[in-house]
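Coordinates as given in input.tsv (TSV, C-alpha atoms):
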```
chain	number	residue	atom	x	y	z
J	1	LEU	CA	39.27	-75.15	-108.62
J	2	ALA	CA	35.76	-75.15	-109.97
J	3	LYS	CA	33.79	-71.94	-109.57
J	4	THR	CA	30.71	-72.12	-107.38
J	5	THR	CA	27.51	-70.09	-107.32
J	6	GLN	CA	25.21	-69.97	-104.32
J	7	PRO	CA	22.52	-67.59	-103.06
J	8	ILE	CA	23.87	-64.59	-101.26
J	9	SER	CA	21.41	-64.85	-98.41
J	10	MET	CA	18.54	-66.90	-97.05
J	11	ASP	CA	16.06	-66.43	-94.24
J	12	SER	CA	14.38	-69.13	-92.21
J	13	TYR	CA	12.60	-69.74	-88.93
J	14	GLU	CA	13.50	-71.97	-86.06
J	15	GLY	CA	12.50	-75.58	-86.56
J	16	GLN	CA	12.39	-75.40	-90.33
J	17	GLU	CA	14.51	-77.37	-92.75
J	18	VAL	CA	16.89	-75.24	-94.78
J	19	ASN	CA	18.25	-76.25	-98.15
J	20	ILE	CA	21.10	-74.29	-99.70
J	21	THR	CA	21.92	-75.12	-103.30
J	22	CYS	CA	25.29	-74.57	-104.90
J	23	SER	CA	25.99	-74.67	-108.63
J	24	HIS	CA	29.32	-75.93	-109.90
J	25	ASN	CA	28.90	-76.57	-113.60
J	26	ASN	CA	32.57	-77.14	-114.36
J	27	ILE	CA	33.29	-79.61	-111.59
J	28	ALA	CA	36.10	-81.99	-112.48
J	29	THR	CA	36.16	-85.76	-112.12
J	30	ASN	CA	38.51	-85.65	-109.14
J	31	ASP	CA	36.68	-82.85	-107.35
J	32	TYR	CA	34.90	-83.26	-104.04
J	33	ILE	CA	32.17	-80.95	-102.72
J	34	THR	CA	32.71	-79.54	-99.27
J	35	TRP	CA	30.65	-77.20	-97.13
J	36	TYR	CA	31.95	-74.97	-94.36
J	37	GLN	CA	30.15	-72.86	-91.79
J	38	GLN	CA	31.47	-69.58	-90.45
J	39	PHE	CA	30.21	-67.58	-87.50
J	40	PRO	CA	31.16	-63.91	-87.12
J	41	SER	CA	34.74	-63.40	-86.00
J	42	GLN	CA	35.53	-67.10	-86.16
J	43	GLY	CA	37.36	-69.33	-88.60
J	44	PRO	CA	35.33	-71.59	-90.91
J	45	ARG	CA	34.24	-74.96	-89.58
J	46	PHE	CA	33.87	-78.10	-91.68
J	47	ILE	CA	30.30	-79.33	-92.03
J	48	ILE	CA	30.19	-82.08	-94.61
J	49	GLN	CA	31.89	-83.41	-97.71
J	50	GLY	CA	30.75	-85.65	-100.52
J	51	TYR	CA	31.53	-86.89	-104.00
J	52	LYS	CA	28.21	-88.21	-105.26
J	53	THR	CA	24.69	-89.22	-104.21
J	54	LYS	CA	23.93	-88.48	-100.57
J	55	VAL	CA	26.02	-88.00	-97.48
J	56	THR	CA	24.61	-87.54	-93.99
J	57	ASN	CA	26.22	-86.79	-90.67
J	58	GLU	CA	24.99	-85.60	-87.30
J	59	VAL	CA	24.81	-82.01	-88.49
J	60	ALA	CA	23.60	-82.00	-92.10
J	61	SER	CA	22.92	-83.89	-95.30
J	62	LEU	CA	24.47	-83.29	-98.66
J	63	PHE	CA	22.61	-84.20	-101.82
J	64	ILE	CA	24.54	-84.50	-105.07
J	65	PRO	CA	22.75	-85.37	-108.33
J	66	ALA	CA	24.23	-87.77	-110.83
J	67	ASP	CA	25.72	-85.04	-113.04
J	68	ARG	CA	27.38	-83.45	-109.96
J	69	LYS	CA	26.86	-79.98	-111.42
J	70	SER	CA	25.11	-78.85	-108.28
J	71	SER	CA	24.75	-79.85	-104.66
J	72	THR	CA	22.34	-79.09	-101.86
J	73	LEU	CA	23.21	-78.71	-98.22
J	74	SER	CA	20.26	-79.61	-96.02
J	75	LEU	CA	20.07	-78.43	-92.43
J	76	PRO	CA	17.23	-80.13	-90.54
J	77	ARG	CA	15.26	-78.16	-87.96
J	78	VAL	CA	17.48	-75.10	-87.79
J	79	SER	CA	17.89	-73.11	-84.61
J	80	LEU	CA	19.01	-69.55	-83.95
J	81	SER	CA	22.56	-70.82	-83.51
J	82	ASP	CA	22.63	-71.93	-87.14
J	83	THR	CA	22.71	-68.29	-88.22
J	84	ALA	CA	26.00	-68.12	-90.08
J	85	VAL	CA	27.61	-67.95	-93.50
J	86	TYR	CA	27.77	-71.23	-95.39
J	87	TYR	CA	30.40	-71.80	-98.04
J	88	CYS	CA	30.32	-74.38	-100.81
J	89	LEU	CA	33.75	-75.38	-102.10
J	90	VAL	CA	34.67	-77.68	-104.93
J	91	GLY	CA	38.11	-79.10	-105.57
J	92	ASP	CA	40.31	-82.14	-105.48
J	93	MET	CA	41.14	-81.27	-101.88
J	94	GLY	CA	44.76	-82.14	-102.29
J	95	ARG	CA	47.44	-80.07	-100.69
J	96	ARG	CA	46.30	-76.83	-102.28
J	97	ALA	CA	44.51	-74.08	-100.45
J	98	LEU	CA	40.75	-73.86	-100.42
J	99	THR	CA	39.19	-71.12	-102.55
J	100	PHE	CA	36.13	-69.54	-101.01
J	101	GLY	CA	33.25	-68.07	-102.97
J	102	SER	CA	30.86	-65.50	-101.65
J	103	GLY	CA	28.96	-67.89	-99.41
J	104	THR	CA	25.32	-67.87	-98.30
J	105	ARG	CA	24.37	-65.80	-95.29
J	106	LEU	CA	21.65	-67.72	-93.43
J	107	GLN	CA	19.55	-65.80	-90.94
J	108	VAL	CA	17.35	-67.86	-88.65
J	109	GLN	CA	14.51	-66.00	-87.00
J	110	PRO	CA	12.69	-67.06	-83.83
B	1	GLY	CA	39.17	-83.37	-85.25
B	2	ALA	CA	42.55	-81.71	-85.55
B	3	VAL	CA	43.09	-78.35	-83.89
B	4	VAL	CA	44.63	-75.24	-85.37
B	5	SER	CA	45.22	-72.41	-82.94
B	6	GLN	CA	45.97	-68.77	-83.61
B	7	HIS	CA	47.41	-66.18	-81.30
B	8	PRO	CA	46.47	-63.52	-80.52
B	9	SER	CA	42.72	-63.53	-81.09
B	10	TRP	CA	42.76	-59.79	-81.45
B	11	VAL	CA	45.36	-57.07	-81.51
B	12	ILE	CA	45.39	-53.30	-81.77
B	13	CYS	CA	48.52	-51.58	-82.98
B	14	LYS	CA	49.64	-48.14	-84.02
B	15	SER	CA	50.33	-47.22	-87.63
B	16	GLY	CA	53.88	-47.95	-88.62
B	17	THR	CA	54.44	-50.76	-86.17
B	18	SER	CA	54.69	-54.47	-86.92
B	19	VAL	CA	52.46	-57.22	-85.64
B	20	LYS	CA	53.14	-60.96	-85.52
B	21	ILE	CA	50.38	-63.55	-85.66
B	22	GLU	CA	51.08	-67.17	-84.79
B	23	CYS	CA	49.37	-70.23	-86.19
B	24	ARG	CA	49.94	-73.60	-84.56
B	25	SER	CA	48.79	-77.08	-85.40
B	26	LEU	CA	48.31	-78.55	-81.94
B	27	ASP	CA	48.01	-82.25	-82.61
B	28	PHE	CA	49.45	-82.84	-86.03
B	29	GLN	CA	52.34	-81.78	-88.20
B	30	ALA	CA	51.65	-79.47	-91.10
B	31	THR	CA	54.23	-79.00	-93.82
B	32	THR	CA	51.89	-76.52	-95.44
B	33	MET	CA	49.72	-73.85	-93.87
B	34	PHE	CA	47.58	-71.23	-95.52
B	35	TRP	CA	46.93	-67.62	-94.58
B	36	TYR	CA	43.69	-65.85	-95.43
B	37	ARG	CA	42.40	-62.33	-94.95
B	38	GLN	CA	38.76	-61.44	-94.55
B	39	PHE	CA	37.27	-57.97	-94.63
B	40	PRO	CA	33.85	-57.26	-93.09
B	41	LYS	CA	30.94	-58.86	-94.96
B	42	GLN	CA	33.33	-60.42	-97.45
B	43	SER	CA	34.63	-63.89	-98.11
B	44	LEU	CA	38.03	-65.29	-97.21
B	45	MET	CA	40.81	-64.34	-99.59
B	46	LEU	CA	43.92	-66.48	-99.77
B	47	MET	CA	47.04	-64.44	-99.11
B	48	ALA	CA	49.81	-66.99	-99.15
B	49	THR	CA	50.83	-70.58	-98.69
B	50	SER	CA	53.36	-71.19	-95.96
B	51	ASN	CA	55.81	-74.01	-96.59
B	52	GLU	CA	57.87	-75.53	-93.82
B	53	GLY	CA	61.56	-75.00	-94.42
B	54	SER	CA	61.15	-72.96	-97.58
B	55	LYS	CA	59.81	-69.66	-98.85
B	56	ALA	CA	56.14	-68.90	-98.78
B	57	THR	CA	54.14	-68.64	-101.97
B	58	TYR	CA	52.17	-65.42	-102.22
B	59	GLU	CA	48.99	-64.79	-104.17
B	60	GLN	CA	48.94	-62.11	-106.82
B	61	GLY	CA	48.62	-58.66	-105.32
B	62	VAL	CA	49.90	-59.61	-101.88
B	63	GLU	CA	53.10	-57.80	-100.94
B	64	LYS	CA	55.63	-60.32	-99.68
B	65	ASP	CA	57.74	-57.63	-98.05
B	66	LYS	CA	54.77	-56.37	-96.08
B	67	PHE	CA	53.34	-59.73	-95.04
B	68	LEU	CA	56.29	-61.77	-93.85
B	69	ILE	CA	55.63	-65.46	-93.41
B	70	ASN	CA	57.88	-67.83	-91.54
B	71	HIS	CA	57.24	-71.56	-91.22
B	72	ALA	CA	60.17	-72.65	-89.12
B	73	SER	CA	58.70	-75.85	-87.74
B	74	LEU	CA	56.10	-78.45	-88.65
B	75	THR	CA	53.65	-77.02	-86.13
B	76	LEU	CA	54.15	-73.27	-86.35
B	77	SER	CA	53.71	-70.63	-89.02
B	78	THR	CA	53.86	-66.91	-88.34
B	79	LEU	CA	52.53	-63.96	-90.27
B	80	THR	CA	54.10	-60.59	-89.57
B	81	VAL	CA	52.36	-57.49	-90.82
B	82	THR	CA	55.13	-54.95	-91.18
B	83	SER	CA	54.66	-51.19	-91.04
B	84	ALA	CA	50.96	-51.67	-90.52
B	85	HIS	CA	48.47	-49.12	-91.81
B	86	PRO	CA	44.77	-48.72	-91.08
B	87	GLU	CA	43.91	-50.40	-94.38
B	88	ASP	CA	45.62	-53.55	-93.08
B	89	SER	CA	42.93	-53.82	-90.43
B	90	SER	CA	41.21	-57.10	-91.12
B	91	PHE	CA	40.48	-60.60	-89.88
B	92	TYR	CA	43.40	-62.93	-90.53
B	93	ILE	CA	42.81	-66.68	-90.55
B	94	CYS	CA	45.20	-69.57	-90.94
B	95	SER	CA	44.44	-73.09	-92.09
B	96	ALA	CA	46.14	-76.45	-92.30
B	97	ARG	CA	45.36	-80.02	-93.20
B	98	ASP	CA	46.15	-83.05	-91.10
B	99	PRO	CA	47.54	-85.67	-93.48
B	100	GLY	CA	46.14	-88.35	-91.20
B	101	GLN	CA	42.58	-87.03	-91.41
B	102	GLY	CA	41.84	-87.05	-95.11
B	103	THR	CA	40.92	-83.96	-97.05
B	104	GLU	CA	39.33	-81.80	-94.38
B	105	ALA	CA	41.00	-78.45	-93.80
B	106	PHE	CA	41.11	-77.05	-90.28
B	107	PHE	CA	41.01	-73.37	-89.52
B	108	GLY	CA	42.26	-71.28	-86.67
B	109	GLN	CA	39.89	-69.06	-84.76
B	110	GLY	CA	41.20	-66.00	-86.56
B	111	THR	CA	42.98	-62.83	-85.45
B	112	ARG	CA	41.26	-59.47	-85.56
B	113	LEU	CA	43.85	-56.81	-86.37
B	114	THR	CA	42.99	-53.17	-85.85
B	115	VAL	CA	45.53	-50.55	-86.86
B	116	VAL	CA	44.97	-47.11	-85.38
```

Go ahead and express the file in the form of structure tokens.
Amino acid sequence: LAKTTQPISMDSYEGQEVNITCSHNNIATNDYITWYQQFPSQGPRFIIQGYKTKVTNEVASLFIPADRKSSTLSLPRVSLSDTAVYYCLVGDMGRRALTFGSGTRLQVQP
Amino acid sequence: GAVVSQHPSWVICKSGTSVKIECRSLDFQATTMFWYRQFPKQSLMLMATSNEGSKATYEQGVEKDKFLINHASLTLSTLTVTSAHPEDSSFYICSARDPGQGTEAFFGQGTRLTVV
């Protein structure tokens, strides 16, 4: 699976838009980009997945440039409950296990 | 989405005893399940892949005799921590994919193990 690099931590305030960028320079042709969210003492929760361009769901948007060597998770108007660790994963998402990087610890302040 | 459930959510045991953690896929069949371990402030580390009807595949550095995995049915995998020691205290998480729901992986709520 492709290695990913993302900021260790980020701070934001309620109501702001948060963008977390992940670098994955050696992404393979068959690889998808997937983001998970994890709250303390809970298992990770799927947020969004994409292959190229832009994907949007009710929770977030995922922007992927043409070269796919990076991706940006966008969380609109964050609230205190969005305080969590966000993981960017890259892989063909077949039957193999997911490999987690260090993740980005997002702290939302009031 | 699909549901993966772990039991118990937390457990405290004495050193030297064994603890069993269950992972169930509630609304789908999973021929493969994955077990992770997470220490405080760290990321998830894959321990092993549980295969229904066959032996588990362990990651390098994970003792197969200490972390016994059994995947006896398509909806249940168990992880038994044998002769537990305080350094085994951690957050254990299982995961599985629903073949009918694409590539998304579903995770259990995790089990907090404390060995005293």

Between chain J and chain B, at 12 Å or less, what are the per-residue closest atom pairs and their distances in Å? Count all atoms listed in the file, order by chain and rising residue number, and return it as CSV.
```
residue,atom,partner,partner_atom,distance
J:Ile8,CA,B:Gln42,CA,11.0
J:Ser9,CA,B:Lys41,CA,11.8
J:Asp31,CA,B:Thr103,CA,11.2
J:Tyr32,CA,B:Thr103,CA,9.3
J:Ile33,CA,B:Thr103,CA,10.9
J:Thr34,CA,B:Glu104,CA,8.5
J:Trp35,CA,B:Glu104,CA,10.2
J:Tyr36,CA,B:Ala105,CA,9.7
J:Gln37,CA,B:Phe107,CA,11.1
J:Gln38,CA,B:Ser43,CA,10.1
J:Phe39,CA,B:Gln109,CA,10.2
J:Pro40,CA,B:Lys41,CA,9.3
J:Ser41,CA,B:Gly110,CA,7.0
J:Gln42,CA,B:Gln109,CA,5.0
J:Gly43,CA,B:Gln109,CA,4.6
J:Pro44,CA,B:Phe107,CA,6.1
J:Arg45,CA,B:Phe107,CA,7.0
J:Phe46,CA,B:Glu104,CA,7.1
J:Ile47,CA,B:Glu104,CA,9.7
J:Ile48,CA,B:Glu104,CA,9.1
J:Gln49,CA,B:Glu104,CA,8.3
J:Gly50,CA,B:Thr103,CA,10.9
J:Ala84,CA,B:Lys41,CA,11.6
J:Val85,CA,B:Ser43,CA,9.3
J:Tyr86,CA,B:Ser43,CA,10.4
J:Tyr87,CA,B:Ser43,CA,9.0
J:Cys88,CA,B:Ser43,CA,11.7
J:Leu89,CA,B:Ala105,CA,11.4
J:Val90,CA,B:Thr103,CA,11.9
J:Gly91,CA,B:Thr103,CA,10.2
J:Asp92,CA,B:Thr103,CA,8.6
J:Met93,CA,B:Thr103,CA,5.5
J:Gly94,CA,B:Thr103,CA,6.7
J:Arg95,CA,B:Thr32,CA,7.7
J:Arg96,CA,B:Thr49,CA,8.5
J:Ala97,CA,B:Phe34,CA,6.5
J:Leu98,CA,B:Leu46,CA,8.1
J:Thr99,CA,B:Leu46,CA,7.2
J:Phe100,CA,B:Leu44,CA,6.0
J:Gly101,CA,B:Ser43,CA,6.6
J:Ser102,CA,B:Ser43,CA,5.4
J:Gly103,CA,B:Ser43,CA,7.1
J:Thr104,CA,B:Ser43,CA,10.1
J:Arg105,CA,B:Lys41,CA,9.6
```

Those same residues - C-alpha atoms - I'd like them written as a CSV table (one decimal), in the frame of the given file.
```
chain,number,residue,atom,x,y,z
J,8,ILE,CA,23.9,-64.6,-101.3
J,9,SER,CA,21.4,-64.8,-98.4
J,31,ASP,CA,36.7,-82.8,-107.4
J,32,TYR,CA,34.9,-83.3,-104.0
J,33,ILE,CA,32.2,-81.0,-102.7
J,34,THR,CA,32.7,-79.5,-99.3
J,35,TRP,CA,30.6,-77.2,-97.1
J,36,TYR,CA,32.0,-75.0,-94.4
J,37,GLN,CA,30.2,-72.9,-91.8
J,38,GLN,CA,31.5,-69.6,-90.4
J,39,PHE,CA,30.2,-67.6,-87.5
J,40,PRO,CA,31.2,-63.9,-87.1
J,41,SER,CA,34.7,-63.4,-86.0
J,42,GLN,CA,35.5,-67.1,-86.2
J,43,GLY,CA,37.4,-69.3,-88.6
J,44,PRO,CA,35.3,-71.6,-90.9
J,45,ARG,CA,34.2,-75.0,-89.6
J,46,PHE,CA,33.9,-78.1,-91.7
J,47,ILE,CA,30.3,-79.3,-92.0
J,48,ILE,CA,30.2,-82.1,-94.6
J,49,GLN,CA,31.9,-83.4,-97.7
J,50,GLY,CA,30.8,-85.6,-100.5
J,84,ALA,CA,26.0,-68.1,-90.1
J,85,VAL,CA,27.6,-68.0,-93.5
J,86,TYR,CA,27.8,-71.2,-95.4
J,87,TYR,CA,30.4,-71.8,-98.0
J,88,CYS,CA,30.3,-74.4,-100.8
J,89,LEU,CA,33.8,-75.4,-102.1
J,90,VAL,CA,34.7,-77.7,-104.9
J,91,GLY,CA,38.1,-79.1,-105.6
J,92,ASP,CA,40.3,-82.1,-105.5
J,93,MET,CA,41.1,-81.3,-101.9
J,94,GLY,CA,44.8,-82.1,-102.3
J,95,ARG,CA,47.4,-80.1,-100.7
J,96,ARG,CA,46.3,-76.8,-102.3
J,97,ALA,CA,44.5,-74.1,-100.4
J,98,LEU,CA,40.8,-73.9,-100.4
J,99,THR,CA,39.2,-71.1,-102.6
J,100,PHE,CA,36.1,-69.5,-101.0
J,101,GLY,CA,33.2,-68.1,-103.0
J,102,SER,CA,30.9,-65.5,-101.6
J,103,GLY,CA,29.0,-67.9,-99.4
J,104,THR,CA,25.3,-67.9,-98.3
J,105,ARG,CA,24.4,-65.8,-95.3
```

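Take CA of Ser54 in chain B and CA of Ile69 in chain B: the distance between them is 10.2 Å.
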
query: Using all atoms listed in the file, which of J:Ser74, J:Tyr51, J:Ile64, J:Val108 sits nearest Thr29 in chain J?
result: J:Tyr51

- line: Between CA of Val78 in chain J and CA of Lys54 in chain J lies a distance of 19.6 Å

- request: Using all atoms listed in the file, pick whichever of B:Leu74, B:Val11, B:Met47, B:Ala56 has the shortest atom-to-atom distance to Phe28 in chain B.
  value: B:Leu74

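Note that CA of Cys23 in chain B and CA of Lys66 in chain B are 17.9 Å apart.
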
- request: List every protein, DNA or RNA residue that has an atom no more than 12 Å from (15.1, -66.5, -98.6) in the file's coordinate frame, counting all atoms listed in the file, and report them as a PyMOL selection string.
  value: chain J and resi 7-13+18-21+104-109

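Nearest residue to Val116 in chain B, choosing from B:Leu26, B:Gln101, B:Ala2, B:His85 and counting all atoms listed in the file: B:His85.
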
task: Quick one: everything within 10 Å of Ala84 in chain B, counting all atoms listed in the file, minus sequence neighbours fewer than 5 positions away in the same chain. Send it as a PyMOL selection string.
output: chain B and resi 13-19+66-67+89+113-116

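Closest approach to Ala28 in chain J from the set J:Pro110, J:Phe63, J:Arg68, J:Thr5 is made by J:Arg68, with distances taken over all atoms listed in the file.
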
Write range 43-54 of chain B as a short mmCIF file (atom, residue, chain, number, x, y, z; two decimals), in the coordinates of the input, completed to all heavy atoms.
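rebuild10.cif, freshly written:
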```cif
data_model
loop_
_atom_site.label_atom_id
_atom_site.label_comp_id
_atom_site.auth_asym_id
_atom_site.auth_seq_id
_atom_site.Cartn_x
_atom_site.Cartn_y
_atom_site.Cartn_z
N SER B 43 34.17 -62.52 -98.24
CA SER B 43 34.63 -63.89 -98.11
C SER B 43 36.12 -63.93 -97.74
O SER B 43 36.78 -62.91 -97.69
CB SER B 43 34.39 -64.62 -99.43
OG SER B 43 34.73 -65.99 -99.31
N LEU B 44 36.61 -65.12 -97.50
CA LEU B 44 38.03 -65.29 -97.21
C LEU B 44 38.83 -65.20 -98.50
O LEU B 44 38.46 -65.80 -99.51
CB LEU B 44 38.30 -66.66 -96.57
CG LEU B 44 37.89 -66.87 -95.13
CD1 LEU B 44 36.40 -67.09 -95.01
CD2 LEU B 44 38.64 -68.08 -94.54
N MET B 45 39.93 -64.46 -98.45
CA MET B 45 40.81 -64.34 -99.59
C MET B 45 42.16 -64.92 -99.22
O MET B 45 42.78 -64.54 -98.23
CB MET B 45 40.97 -62.87 -99.99
CG MET B 45 39.68 -62.24 -100.48
SD MET B 45 39.05 -63.02 -101.99
CE MET B 45 40.39 -62.63 -103.13
N LEU B 46 42.63 -65.86 -100.02
CA LEU B 46 43.92 -66.48 -99.77
C LEU B 46 45.03 -65.47 -99.98
O LEU B 46 45.08 -64.80 -101.02
CB LEU B 46 44.12 -67.67 -100.70
CG LEU B 46 45.45 -68.42 -100.58
CD1 LEU B 46 45.55 -69.11 -99.21
CD2 LEU B 46 45.60 -69.44 -101.70
N MET B 47 45.91 -65.35 -99.00
CA MET B 47 47.04 -64.44 -99.11
C MET B 47 48.29 -65.19 -99.55
O MET B 47 49.02 -64.75 -100.43
CB MET B 47 47.33 -63.77 -97.77
CG MET B 47 46.22 -62.92 -97.22
SD MET B 47 46.66 -62.30 -95.59
CE MET B 47 48.03 -61.22 -95.97
N ALA B 48 48.55 -66.30 -98.88
CA ALA B 48 49.81 -66.99 -99.15
C ALA B 48 49.76 -68.41 -98.61
O ALA B 48 48.94 -68.75 -97.75
CB ALA B 48 50.96 -66.24 -98.50
N THR B 49 50.64 -69.20 -99.15
CA THR B 49 50.83 -70.58 -98.69
C THR B 49 52.18 -70.64 -98.00
O THR B 49 53.21 -70.28 -98.59
CB THR B 49 50.79 -71.55 -99.88
OG1 THR B 49 49.52 -71.45 -100.52
CG2 THR B 49 51.02 -72.97 -99.41
N SER B 50 52.16 -71.10 -96.77
CA SER B 50 53.36 -71.19 -95.96
C SER B 50 53.93 -72.60 -96.04
O SER B 50 53.23 -73.56 -95.77
CB SER B 50 52.99 -70.85 -94.52
OG SER B 50 54.05 -71.07 -93.63
N ASN B 51 55.18 -72.71 -96.42
CA ASN B 51 55.81 -74.01 -96.59
C ASN B 51 56.93 -74.19 -95.58
O ASN B 51 57.84 -73.36 -95.50
CB ASN B 51 56.39 -74.13 -98.01
CG ASN B 51 55.34 -73.90 -99.08
OD1 ASN B 51 54.37 -74.64 -99.18
ND2 ASN B 51 55.52 -72.87 -99.88
N GLU B 52 56.87 -75.26 -94.83
CA GLU B 52 57.87 -75.53 -93.82
C GLU B 52 59.25 -75.68 -94.45
O GLU B 52 59.43 -76.48 -95.37
CB GLU B 52 57.49 -76.78 -93.03
CG GLU B 52 58.38 -77.05 -91.82
CD GLU B 52 59.58 -77.92 -92.13
OE1 GLU B 52 59.51 -78.70 -93.10
OE2 GLU B 52 60.58 -77.83 -91.40
N GLY B 53 60.19 -74.90 -93.96
CA GLY B 53 61.56 -75.00 -94.42
C GLY B 53 61.86 -74.32 -95.74
O GLY B 53 62.99 -74.41 -96.23
N SER B 54 60.89 -73.66 -96.32
CA SER B 54 61.15 -72.96 -97.58
C SER B 54 60.32 -71.68 -97.65
O SER B 54 59.54 -71.39 -96.74
CB SER B 54 60.82 -73.86 -98.78
OG SER B 54 59.45 -74.18 -98.80
#
```
